[in-house]
Amino acid sequence: MKKLLVIIIILLVAVLMTQTVPDKKAHKEAMMEAVKEYIAEEAEERYGDNVLTGIGKSVVVKTIEVVLNTKLKVDDYYLFNTTHVRLNGENKTLSLGILGKVITFDKEMLRKNLEEAAEAKEEEAAEKEAAKASAKELKRLKKEQKKREKELKKEQEKREKELRKEQKRREKEAKKHSF
(Lines give C-alpha, C1' and ligand atoms only; values in the text may rest on other atoms or scores of the structure.)
Protein backbone atom coordinates (compact mmCIF):
# COMPACT_ATOMS: atom_id res chain seq x y z
CA MET A 1 0.00 0.00 0.00
CA LYS A 2 2.86 2.39 0.83
CA LYS A 3 4.46 1.73 -2.57
CA LEU A 4 1.22 2.56 -4.32
CA LEU A 5 0.87 5.79 -2.32
CA VAL A 6 4.47 6.78 -3.17
CA ILE A 7 3.86 6.03 -6.87
CA ILE A 8 0.64 8.09 -6.85
CA ILE A 9 2.41 11.02 -5.16
CA ILE A 10 5.28 10.84 -7.66
CA LEU A 11 2.82 10.77 -10.56
CA LEU A 12 0.87 13.73 -9.13
CA VAL A 13 4.06 15.73 -8.68
CA ALA A 14 5.13 14.84 -12.24
CA VAL A 15 1.74 15.91 -13.63
CA LEU A 16 1.90 19.14 -11.60
CA MET A 17 5.39 19.83 -12.90
CA THR A 18 4.40 19.22 -16.53
CA GLN A 19 1.42 21.55 -16.19
CA THR A 20 3.42 24.39 -14.62
CA VAL A 21 6.43 24.55 -16.95
CA PRO A 22 6.93 28.23 -17.92
CA ASP A 23 6.75 29.21 -21.59
CA LYS A 24 9.33 31.11 -23.66
CA LYS A 25 7.65 34.42 -22.89
CA ALA A 26 8.06 33.87 -19.13
CA HIS A 27 11.73 33.02 -19.65
CA LYS A 28 12.26 36.13 -21.78
CA GLU A 29 10.53 38.35 -19.20
CA ALA A 30 12.62 36.91 -16.37
CA MET A 31 15.78 37.35 -18.44
CA MET A 32 14.89 40.94 -19.27
CA GLU A 33 14.26 41.70 -15.59
CA ALA A 34 17.65 40.23 -14.70
CA VAL A 35 19.26 42.15 -17.57
CA LYS A 36 17.66 45.45 -16.52
CA GLU A 37 18.74 44.92 -12.94
CA TYR A 38 22.26 44.02 -13.97
CA ILE A 39 22.56 46.96 -16.39
CA ALA A 40 21.21 49.40 -13.82
CA GLU A 41 23.79 48.23 -11.27
CA GLU A 42 26.65 48.32 -13.77
CA ALA A 43 25.70 51.74 -15.15
CA GLU A 44 25.36 53.28 -11.71
CA GLU A 45 28.61 51.70 -10.53
CA ARG A 46 30.58 52.82 -13.59
CA TYR A 47 28.98 56.10 -14.64
CA GLY A 48 26.64 57.29 -11.90
CA ASP A 49 22.98 58.05 -12.38
CA ASN A 50 22.35 60.71 -15.03
CA VAL A 51 20.39 61.28 -18.23
CA LEU A 52 23.06 59.82 -20.51
CA THR A 53 23.32 56.60 -18.55
CA GLY A 54 19.53 56.37 -18.67
CA ILE A 55 19.61 56.65 -22.46
CA GLY A 56 22.53 54.24 -22.67
CA LYS A 57 20.74 51.72 -20.47
CA SER A 58 17.64 51.82 -22.64
CA VAL A 59 19.71 51.31 -25.81
CA VAL A 60 21.55 48.36 -24.27
CA VAL A 61 18.29 46.84 -22.99
CA LYS A 62 16.69 47.15 -26.44
CA THR A 63 19.75 45.58 -28.09
CA ILE A 64 19.72 42.68 -25.67
CA GLU A 65 15.98 42.29 -26.14
CA VAL A 66 16.54 41.97 -29.91
CA VAL A 67 19.28 39.40 -29.30
CA LEU A 68 17.01 37.42 -26.97
CA ASN A 69 14.13 37.58 -29.45
CA THR A 70 16.26 36.17 -32.23
CA LYS A 71 18.64 33.84 -30.43
CA LEU A 72 16.82 32.59 -27.30
CA LYS A 73 15.83 28.94 -27.63
CA VAL A 74 13.84 26.80 -25.18
CA ASP A 75 14.68 23.17 -24.48
CA ASP A 76 11.60 21.44 -23.05
CA TYR A 77 12.20 18.43 -20.79
CA TYR A 78 8.49 18.03 -19.86
CA LEU A 79 9.07 18.44 -16.09
CA PHE A 80 11.20 21.56 -16.55
CA ASN A 81 12.78 23.56 -19.35
CA THR A 82 15.89 25.61 -19.95
CA THR A 83 16.73 28.47 -22.28
CA HIS A 84 19.94 28.99 -24.12
CA VAL A 85 21.55 31.11 -26.80
CA ARG A 86 23.96 29.74 -29.36
CA LEU A 87 27.19 31.72 -29.39
CA ASN A 88 30.37 30.85 -31.23
CA GLY A 89 29.12 27.35 -31.96
CA GLU A 90 28.18 26.44 -28.41
CA ASN A 91 24.99 26.71 -26.36
CA LYS A 92 25.02 29.00 -23.33
CA THR A 93 22.30 28.12 -20.81
CA LEU A 94 20.68 31.23 -19.36
CA SER A 95 17.72 30.07 -17.26
CA LEU A 96 15.77 27.16 -15.82
CA GLY A 97 11.97 26.98 -15.69
CA ILE A 98 10.28 24.73 -13.17
CA LEU A 99 6.97 24.78 -11.25
CA GLY A 100 5.87 28.03 -12.90
CA LYS A 101 9.06 29.87 -11.91
CA VAL A 102 12.02 30.95 -13.99
CA ILE A 103 15.42 30.91 -12.34
CA THR A 104 18.10 32.99 -14.05
CA PHE A 105 21.70 32.16 -13.39
CA ASP A 106 24.20 34.30 -11.53
CA LYS A 107 25.01 37.80 -12.72
CA GLU A 108 28.59 37.00 -13.69
CA MET A 109 27.43 34.28 -16.07
CA LEU A 110 24.67 36.56 -17.30
CA ARG A 111 27.15 39.38 -17.90
CA LYS A 112 29.52 37.11 -19.79
CA ASN A 113 26.77 35.58 -21.91
CA LEU A 114 25.17 38.93 -22.65
CA GLU A 115 28.51 40.41 -23.66
CA GLU A 116 29.14 37.44 -25.94
CA ALA A 117 25.66 37.76 -27.43
CA ALA A 118 26.14 41.48 -28.02
CA GLU A 119 29.56 40.83 -29.60
CA ALA A 120 28.05 38.16 -31.84
CA LYS A 121 25.32 40.61 -32.87
CA GLU A 122 27.96 43.28 -33.57
CA GLU A 123 30.02 40.81 -35.60
CA GLU A 124 26.93 39.85 -37.56
CA ALA A 125 26.17 43.52 -38.21
CA ALA A 126 29.79 44.15 -39.22
CA GLU A 127 29.67 41.19 -41.61
CA LYS A 128 26.45 42.50 -43.13
CA GLU A 129 27.98 45.96 -43.46
CA ALA A 130 31.10 44.48 -45.09
CA ALA A 131 28.95 42.47 -47.50
CA LYS A 132 26.96 45.59 -48.27
CA ALA A 133 30.16 47.57 -48.90
CA SER A 134 31.50 44.78 -51.11
CA ALA A 135 28.28 44.71 -53.10
CA LYS A 136 28.40 48.48 -53.46
CA GLU A 137 32.03 48.36 -54.59
CA LEU A 138 31.22 45.58 -57.07
CA LYS A 139 28.35 47.63 -58.44
CA ARG A 140 30.65 50.65 -58.78
CA LEU A 141 33.27 48.55 -60.57
CA LYS A 142 30.68 47.12 -62.95
CA LYS A 143 29.42 50.62 -63.68
CA GLU A 144 32.98 51.75 -64.34
CA GLN A 145 33.56 48.77 -66.60
CA LYS A 146 30.40 49.53 -68.58
CA LYS A 147 31.51 53.12 -68.89
CA ARG A 148 34.92 52.03 -70.21
CA GLU A 149 33.30 49.59 -72.61
CA LYS A 150 31.01 52.35 -73.86
CA GLU A 151 33.98 54.69 -74.33
CA LEU A 152 35.92 51.96 -76.17
CA LYS A 153 32.93 51.26 -78.36
CA LYS A 154 32.55 54.96 -79.10
CA GLU A 155 36.25 55.23 -79.90
CA GLN A 156 36.04 52.14 -82.14
CA GLU A 157 33.05 53.62 -83.99
CA LYS A 158 34.97 56.89 -84.40
CA ARG A 159 37.94 55.03 -85.89
CA GLU A 160 35.67 53.07 -88.20
CA LYS A 161 34.00 56.30 -89.31
CA GLU A 162 37.41 57.87 -89.98
CA LEU A 163 38.47 54.76 -91.91
CA ARG A 164 35.31 54.94 -94.02
CA LYS A 165 35.96 58.64 -94.65
CA GLU A 166 39.54 57.87 -95.61
CA GLN A 167 38.38 55.06 -97.88
CA LYS A 168 35.85 57.36 -99.59
CA ARG A 169 38.53 60.01 -100.00
CA ARG A 170 40.84 57.46 -101.62
CA GLU A 171 38.04 56.25 -103.88
CA LYS A 172 37.39 59.83 -104.99
CA GLU A 173 41.09 60.35 -105.67
CA ALA A 174 41.24 57.11 -107.57
CA LYS A 175 38.28 58.25 -109.72
CA LYS A 176 39.97 61.59 -110.38
CA HIS A 177 43.16 59.88 -111.53
CA SER A 178 41.35 57.37 -113.63
CA PHE A 179 39.69 60.03 -115.77
# chains A, B, ... in the order shown; residues from 1 in each chain; ligands from 1

$ select_by_dssp --residues "chain A" --states "strand (DSSP E or B)" --output "PyMOL selection string"
chain A and resi 73-76+81-87+90-98+101-104

$ atom_distance --atom1 "CA of Leu68 in chain A" --atom2 "CA of Val85 in chain A"
7.8 Å

$ closest_residue --among "A:Ile98, A:Leu138, A:Ala131, A:Val61" --to "Val35 in chain A" --atoms "only C-alpha atoms"
A:Val61

$ closest_residue --among "A:Thr63, A:Gln156, A:Ser178, A:Gln19" --to "Ala120 in chain A" --atoms "only C-alpha atoms"
A:Thr63

$ closest_residue --among "A:Leu96, A:Leu79, A:Glu122, A:Thr18" --to "Val67 in chain A" --atoms "only C-alpha atoms"
A:Glu122

$ closest_residue --among "A:Glu127, A:Glu33, A:Glu151, A:Glu115" --to "Ile103 in chain A" --atoms "only C-alpha atoms"
A:Glu33

$ atom_distance --atom1 "CA of Glu157 in chain A" --atom2 "CA of Arg140 in chain A"
25.5 Å

$ closest_residue --among "A:Ser58, A:Lys121, A:Lys136, A:Arg86" --to "Glu37 in chain A" --atoms "only C-alpha atoms"
A:Ser58

$ closest_residue --among "A:Leu16, A:Leu94, A:Val59, A:Glu124" --to "Lys73 in chain A" --atoms "only C-alpha atoms"
A:Leu94

$ residues_around --residues "Thr82 in chain A" --least-positions-apart "3" --cutoff "6 Å" --atoms "only C-alpha atoms" --output "list in words"
Val74, Asp75, Ser95, Leu96 and Gly97 of chain A

$ decode --residues "range 64-100 of chain A" --atoms "N, CA and C atoms" --output "short mmCIF file (atom, residue, chain, number, x, y, z; two decimals), in the first residue's frame"
data_model
loop_
_atom_site.label_atom_id
_atom_site.label_comp_id
_atom_site.auth_asym_id
_atom_site.auth_seq_id
_atom_site.Cartn_x
_atom_site.Cartn_y
_atom_site.Cartn_z
N ILE A 64 19.75 44.01 -26.27
CA ILE A 64 19.72 42.68 -25.67
C ILE A 64 18.36 42.03 -25.91
N GLU A 65 17.30 42.83 -25.87
CA GLU A 65 15.98 42.29 -26.14
C GLU A 65 15.91 41.73 -27.57
N VAL A 66 16.50 42.44 -28.52
CA VAL A 66 16.54 41.97 -29.91
C VAL A 66 17.32 40.66 -29.99
N VAL A 67 18.47 40.62 -29.30
CA VAL A 67 19.28 39.40 -29.30
C VAL A 67 18.48 38.24 -28.71
N LEU A 68 17.80 38.49 -27.59
CA LEU A 68 17.01 37.42 -26.97
C LEU A 68 15.87 36.98 -27.87
N ASN A 69 15.23 37.93 -28.54
CA ASN A 69 14.13 37.58 -29.45
C ASN A 69 14.60 36.68 -30.58
N THR A 70 15.79 36.94 -31.08
CA THR A 70 16.26 36.17 -32.23
C THR A 70 17.04 34.92 -31.86
N LYS A 71 17.73 34.94 -30.73
CA LYS A 71 18.64 33.84 -30.43
C LYS A 71 18.20 32.94 -29.28
N LEU A 72 17.23 33.37 -28.47
CA LEU A 72 16.82 32.59 -27.30
C LEU A 72 16.03 31.35 -27.73
N LYS A 73 16.49 30.20 -27.31
CA LYS A 73 15.83 28.94 -27.63
C LYS A 73 15.45 28.24 -26.33
N VAL A 74 14.31 27.53 -26.36
CA VAL A 74 13.84 26.80 -25.18
C VAL A 74 13.98 25.31 -25.42
N ASP A 75 14.60 24.63 -24.46
CA ASP A 75 14.68 23.17 -24.48
C ASP A 75 13.68 22.66 -23.46
N ASP A 76 12.66 21.93 -23.93
CA ASP A 76 11.60 21.44 -23.05
C ASP A 76 11.89 19.99 -22.65
N TYR A 77 11.95 19.76 -21.33
CA TYR A 77 12.20 18.43 -20.79
C TYR A 77 10.96 17.91 -20.05
N TYR A 78 9.79 18.39 -20.41
CA TYR A 78 8.49 18.03 -19.86
C TYR A 78 8.30 18.43 -18.40
N LEU A 79 9.20 18.06 -17.49
CA LEU A 79 9.07 18.44 -16.09
C LEU A 79 9.66 19.82 -15.82
N PHE A 80 10.56 20.25 -16.65
CA PHE A 80 11.20 21.56 -16.55
C PHE A 80 11.70 21.92 -17.94
N ASN A 81 12.16 23.17 -18.09
CA ASN A 81 12.78 23.56 -19.35
C ASN A 81 13.93 24.53 -19.08
N THR A 82 14.76 24.68 -20.05
CA THR A 82 15.89 25.61 -19.95
C THR A 82 15.90 26.48 -21.20
N THR A 83 16.54 27.63 -21.09
CA THR A 83 16.73 28.47 -22.28
C THR A 83 18.22 28.61 -22.51
N HIS A 84 18.54 28.79 -23.76
CA HIS A 84 19.94 28.99 -24.12
C HIS A 84 20.04 29.87 -25.36
N VAL A 85 21.22 30.43 -25.55
CA VAL A 85 21.55 31.11 -26.80
C VAL A 85 22.76 30.40 -27.38
N ARG A 86 22.83 30.39 -28.69
CA ARG A 86 23.96 29.74 -29.36
C ARG A 86 24.96 30.83 -29.74
N LEU A 87 26.14 30.74 -29.14
CA LEU A 87 27.19 31.72 -29.39
C LEU A 87 28.48 30.99 -29.73
N ASN A 88 29.09 31.42 -30.81
CA ASN A 88 30.37 30.85 -31.23
C ASN A 88 30.32 29.32 -31.29
N GLY A 89 29.23 28.79 -31.77
CA GLY A 89 29.12 27.35 -31.96
C GLY A 89 28.77 26.55 -30.72
N GLU A 90 28.55 27.20 -29.61
CA GLU A 90 28.18 26.44 -28.41
C GLU A 90 26.97 27.08 -27.73
N ASN A 91 26.18 26.23 -27.06
CA ASN A 91 24.99 26.71 -26.36
C ASN A 91 25.35 27.22 -24.98
N LYS A 92 24.84 28.40 -24.65
CA LYS A 92 25.02 29.00 -23.33
C LYS A 92 23.67 29.00 -22.62
N THR A 93 23.55 28.21 -21.56
CA THR A 93 22.30 28.12 -20.81
C THR A 93 22.13 29.38 -19.98
N LEU A 94 20.94 29.98 -20.06
CA LEU A 94 20.68 31.23 -19.36
C LEU A 94 19.68 31.11 -18.22
N SER A 95 18.72 30.17 -18.33
CA SER A 95 17.72 30.07 -17.26
C SER A 95 17.12 28.68 -17.21
N LEU A 96 16.45 28.43 -16.06
CA LEU A 96 15.77 27.16 -15.82
C LEU A 96 14.34 27.47 -15.41
N GLY A 97 13.38 26.78 -16.03
CA GLY A 97 11.97 26.98 -15.69
C GLY A 97 11.41 25.72 -15.06
N ILE A 98 10.84 25.89 -13.87
CA ILE A 98 10.28 24.73 -13.17
C ILE A 98 9.18 25.22 -12.22
N LEU A 99 8.09 24.47 -12.15
CA LEU A 99 6.97 24.78 -11.25
C LEU A 99 6.48 26.22 -11.41
N GLY A 100 6.39 26.70 -12.64
CA GLY A 100 5.87 28.03 -12.90
C GLY A 100 6.85 29.16 -12.63
#
